[in-house]
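**Student:** Could you have a look at this structure, given as structure tokens, before my questions?
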Amino acid sequence: MKNIVMLGAPGAGKGTQSALIAKEYSVPHISTGDILRMNIKQGTELGALAKSYIDKGALVPDEVVIGIVADRLAQPDALNGYVLDGFPRTIAQAEALDKVAKIDIAINIVVDTDIIVKRLSGRRVCVCGETCHVSSLNGSDVCPRCGKKLFIRDDDKPETVKARLEVYEKQTAPLIGYYENKGILVNIDAVGTIGEDFEKIKKVLE
Ligand code: ADP
Ligand code: ZN
């Protein structure tokens, strides 16, 4: 299986599609956001550091996330391909990644900005890992998967969403050109349902 990088603005659906790819092809889904949030939950030193950036919508320093990813990619389960979700997010991260890995394909999930804002502001998450949108909950506030109470991620609050989108434009969007220059960029217009978008991605991966 391939070594895959997922690109796209916050809220584009990278996490959802990454999870589907990981399941379909039995490769690890490596999300720096998930790793950082797990550290916050467990109260580690890394978590405390990360939280101070994440809550502002800022990026965690490159050397921190690069270290996390290098360690993770050295695990045996990453030998037969993986999906990197949320990393790289800066050119410096992409260059560091190229030193420790050979990326085969960068999948850029393309979604309109107004849709993104709607999605992030309506996003609800659960401790079990489920993510959903208020529009599909019919007024309920519990997880459709496990029944626990859903919550809003601190960084999905409106001011933070704005900061994250600005950071994306400035620091992460240049990665599209970076992977295009390498000839491994594929744009996926995510205009359909989750399943339809995933079908497009599967075609690209086969
Ligand atoms: P989203 O893609 O919806 O913004 P993520 O879960 O990928 O959510 O990331 C949440 C936050 O975690 C980011 O806003 C950032 O502060 C931090 N983060 C995640 N990945 C990285 C990374 N590669 N470099 C720096 N910060 C990161
Ligand atoms: Zn749940």
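Ordering of the structure tokens sets the chain letters (A, B, ...); residue numbers start at 1 within each chain; ligands are numbered from 1 in the order shown.
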Mind listing the alpha helix (DSSP H) residues of segment 62-183 of chain A, per DSSP on the backbone, as a PyMOL selection string?

**Tutor:** chain A and resi 62-73+91-100+113-121+158-167+174-181

**Student:** Could you pull out the residues sitting within 6 Å of ligand 2, using only C-alpha atoms and all ligand atoms, and write them as a ChimeraX atom specification?

**Tutor:** /A:126-128,130,143,145-148

**Student:** Report as JSON, numbers by chain which protein, DNA and RNA residues come within 8 Å of ligand 1, using only C-alpha atoms and all ligand atoms.

**Tutor:** {"A": [8, 9, 10, 11, 12, 14, 15, 31, 32, 33, 34, 36, 37, 50, 51, 53, 54, 55, 56, 57, 58, 59, 60, 61, 62, 65, 66, 85, 86, 87, 88, 89, 90, 93, 120, 155, 164]}

**Student:** Write the residues of the selection above to a file with N, CA and C atoms, as a compact mmCIF listing (two decimals), in the first residue's frame.

**Tutor:**
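As written to disk, out.txt reads:
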# COMPACT_ATOMS: atom_id res chain seq x y z
N GLY A 8 -5.76 19.62 2.77
CA GLY A 8 -7.10 20.21 2.73
C GLY A 8 -7.28 21.12 3.92
N ALA A 9 -8.15 22.10 3.79
CA ALA A 9 -8.39 23.05 4.86
C ALA A 9 -8.99 22.33 6.07
N PRO A 10 -8.91 22.95 7.25
CA PRO A 10 -9.60 22.37 8.40
C PRO A 10 -11.08 22.22 8.04
N GLY A 11 -11.66 21.10 8.36
CA GLY A 11 -13.07 20.92 8.06
C GLY A 11 -13.36 20.40 6.66
N ALA A 12 -12.32 20.17 5.87
CA ALA A 12 -12.54 19.67 4.50
C ALA A 12 -12.97 18.21 4.50
N LYS A 14 -10.74 15.73 5.82
CA LYS A 14 -9.52 14.91 5.78
C LYS A 14 -9.59 13.75 6.77
N GLY A 15 -10.03 14.07 7.98
CA GLY A 15 -10.06 13.06 9.04
C GLY A 15 -11.00 11.92 8.68
N SER A 31 -2.89 10.73 12.62
CA SER A 31 -3.40 12.09 12.69
C SER A 31 -2.64 12.85 13.78
N THR A 32 -1.90 13.88 13.41
CA THR A 32 -1.17 14.63 14.43
C THR A 32 -2.16 15.31 15.38
N GLY A 33 -3.28 15.78 14.85
CA GLY A 33 -4.30 16.39 15.71
C GLY A 33 -4.77 15.41 16.77
N ASP A 34 -5.05 14.16 16.37
CA ASP A 34 -5.50 13.13 17.33
C ASP A 34 -4.41 12.84 18.35
N LEU A 36 -2.01 14.81 19.36
CA LEU A 36 -1.88 15.95 20.28
C LEU A 36 -3.05 15.99 21.26
N ARG A 37 -4.27 15.76 20.75
CA ARG A 37 -5.44 15.78 21.65
C ARG A 37 -5.38 14.66 22.67
N ALA A 50 1.08 21.63 23.66
CA ALA A 50 0.24 21.66 22.47
C ALA A 50 -1.02 22.48 22.70
N LYS A 51 -1.62 22.32 23.87
CA LYS A 51 -2.88 22.99 24.16
C LYS A 51 -2.75 24.50 24.04
N TYR A 53 -1.11 26.21 22.04
CA TYR A 53 -1.18 26.63 20.63
C TYR A 53 -2.54 26.30 20.02
N ILE A 54 -3.00 25.08 20.25
CA ILE A 54 -4.24 24.60 19.62
C ILE A 54 -5.42 25.49 19.98
N ASP A 55 -5.53 25.87 21.26
CA ASP A 55 -6.68 26.67 21.69
C ASP A 55 -6.71 28.05 21.04
N LYS A 56 -5.57 28.49 20.53
CA LYS A 56 -5.54 29.78 19.83
C LYS A 56 -5.75 29.61 18.33
N GLY A 57 -5.77 28.38 17.88
CA GLY A 57 -5.88 28.14 16.45
C GLY A 57 -4.54 28.22 15.76
N ALA A 58 -3.47 28.29 16.55
CA ALA A 58 -2.12 28.37 15.98
C ALA A 58 -1.55 26.97 15.77
N LEU A 59 -0.46 26.89 15.03
CA LEU A 59 0.20 25.61 14.83
C LEU A 59 1.15 25.32 15.98
N VAL A 60 1.24 24.06 16.33
CA VAL A 60 2.23 23.60 17.30
C VAL A 60 3.59 23.68 16.57
N PRO A 61 4.67 24.06 17.28
CA PRO A 61 5.95 24.26 16.58
C PRO A 61 6.39 23.04 15.75
N ASP A 62 6.99 23.34 14.60
CA ASP A 62 7.42 22.30 13.67
C ASP A 62 8.23 21.20 14.34
N VAL A 65 6.05 18.59 16.25
CA VAL A 65 5.25 17.64 15.46
C VAL A 65 6.13 16.76 14.58
N ILE A 66 7.23 17.31 14.11
CA ILE A 66 8.14 16.50 13.29
C ILE A 66 8.67 15.33 14.11
N ASP A 85 -2.60 12.37 8.27
CA ASP A 85 -3.73 13.31 8.29
C ASP A 85 -3.36 14.49 9.19
N GLY A 86 -3.25 15.67 8.59
CA GLY A 86 -2.91 16.86 9.38
C GLY A 86 -1.41 17.10 9.48
N PHE A 87 -0.64 16.33 8.78
CA PHE A 87 0.80 16.49 8.70
C PHE A 87 1.24 16.07 7.30
N PRO A 88 2.10 16.81 6.64
CA PRO A 88 2.67 18.10 7.03
C PRO A 88 1.68 19.25 6.90
N ARG A 89 1.97 20.31 7.65
CA ARG A 89 1.13 21.50 7.62
C ARG A 89 1.94 22.75 7.28
N THR A 90 3.23 22.59 7.14
CA THR A 90 4.10 23.69 6.73
C THR A 90 5.14 23.10 5.76
N GLN A 93 7.79 21.22 7.58
CA GLN A 93 7.37 19.86 7.96
C GLN A 93 7.46 18.91 6.77
N LEU A 120 -17.39 23.44 10.38
CA LEU A 120 -16.64 23.52 11.64
C LEU A 120 -17.50 24.05 12.76
N ASP A 155 -11.25 24.23 19.75
CA ASP A 155 -10.77 24.98 18.59
C ASP A 155 -11.81 25.08 17.47
N ARG A 164 -7.70 29.53 12.45
CA ARG A 164 -7.22 28.31 11.80
C ARG A 164 -7.25 28.42 10.29

**Student:** Using only C-alpha atoms for the distances, tell me which of A:Ile40, A:Ala96, A:Leu150, A:Val27 is nearest to Pro76 of chain A.

**Tutor:** A:Val27

**Student:** If I take atom CA of Ile35 of chain A and atom CA of Ile68 of chain A, how far is one from the other in Å, to one decimal?

**Tutor:**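 These atoms are spaced 8.4 Å apart.
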
**Student:** So what do you get for atom CA of Asp112 of chain A versus atom CA of Ala94 of chain A, distance-wise?

**Tutor:**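 Taking atom CA of Asp112 of chain A as the start and atom CA of Ala94 of chain A as the end point, the length is 24.3 Å.
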
**Student:** Which of these residues is nearest to Val186 of chain A, using only C-alpha atoms: A:Asp104, A:Asp71, A:Asp141, A:Asp98?

**Tutor:**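 Counting only C-alpha atoms, the residue closest to Val186 of chain A is A:Asp104.
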
**Student:** Kindly indicate which residue among A:Lys162, A:Lys2, A:Lys200, A:Lys170 lies nearest to Ala22 of chain A, using only C-alpha atoms for the distances.

**Tutor:**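 Nearest candidate to Ala22 of chain A out of A:Lys162, A:Lys2, A:Lys200, A:Lys170: A:Lys2.
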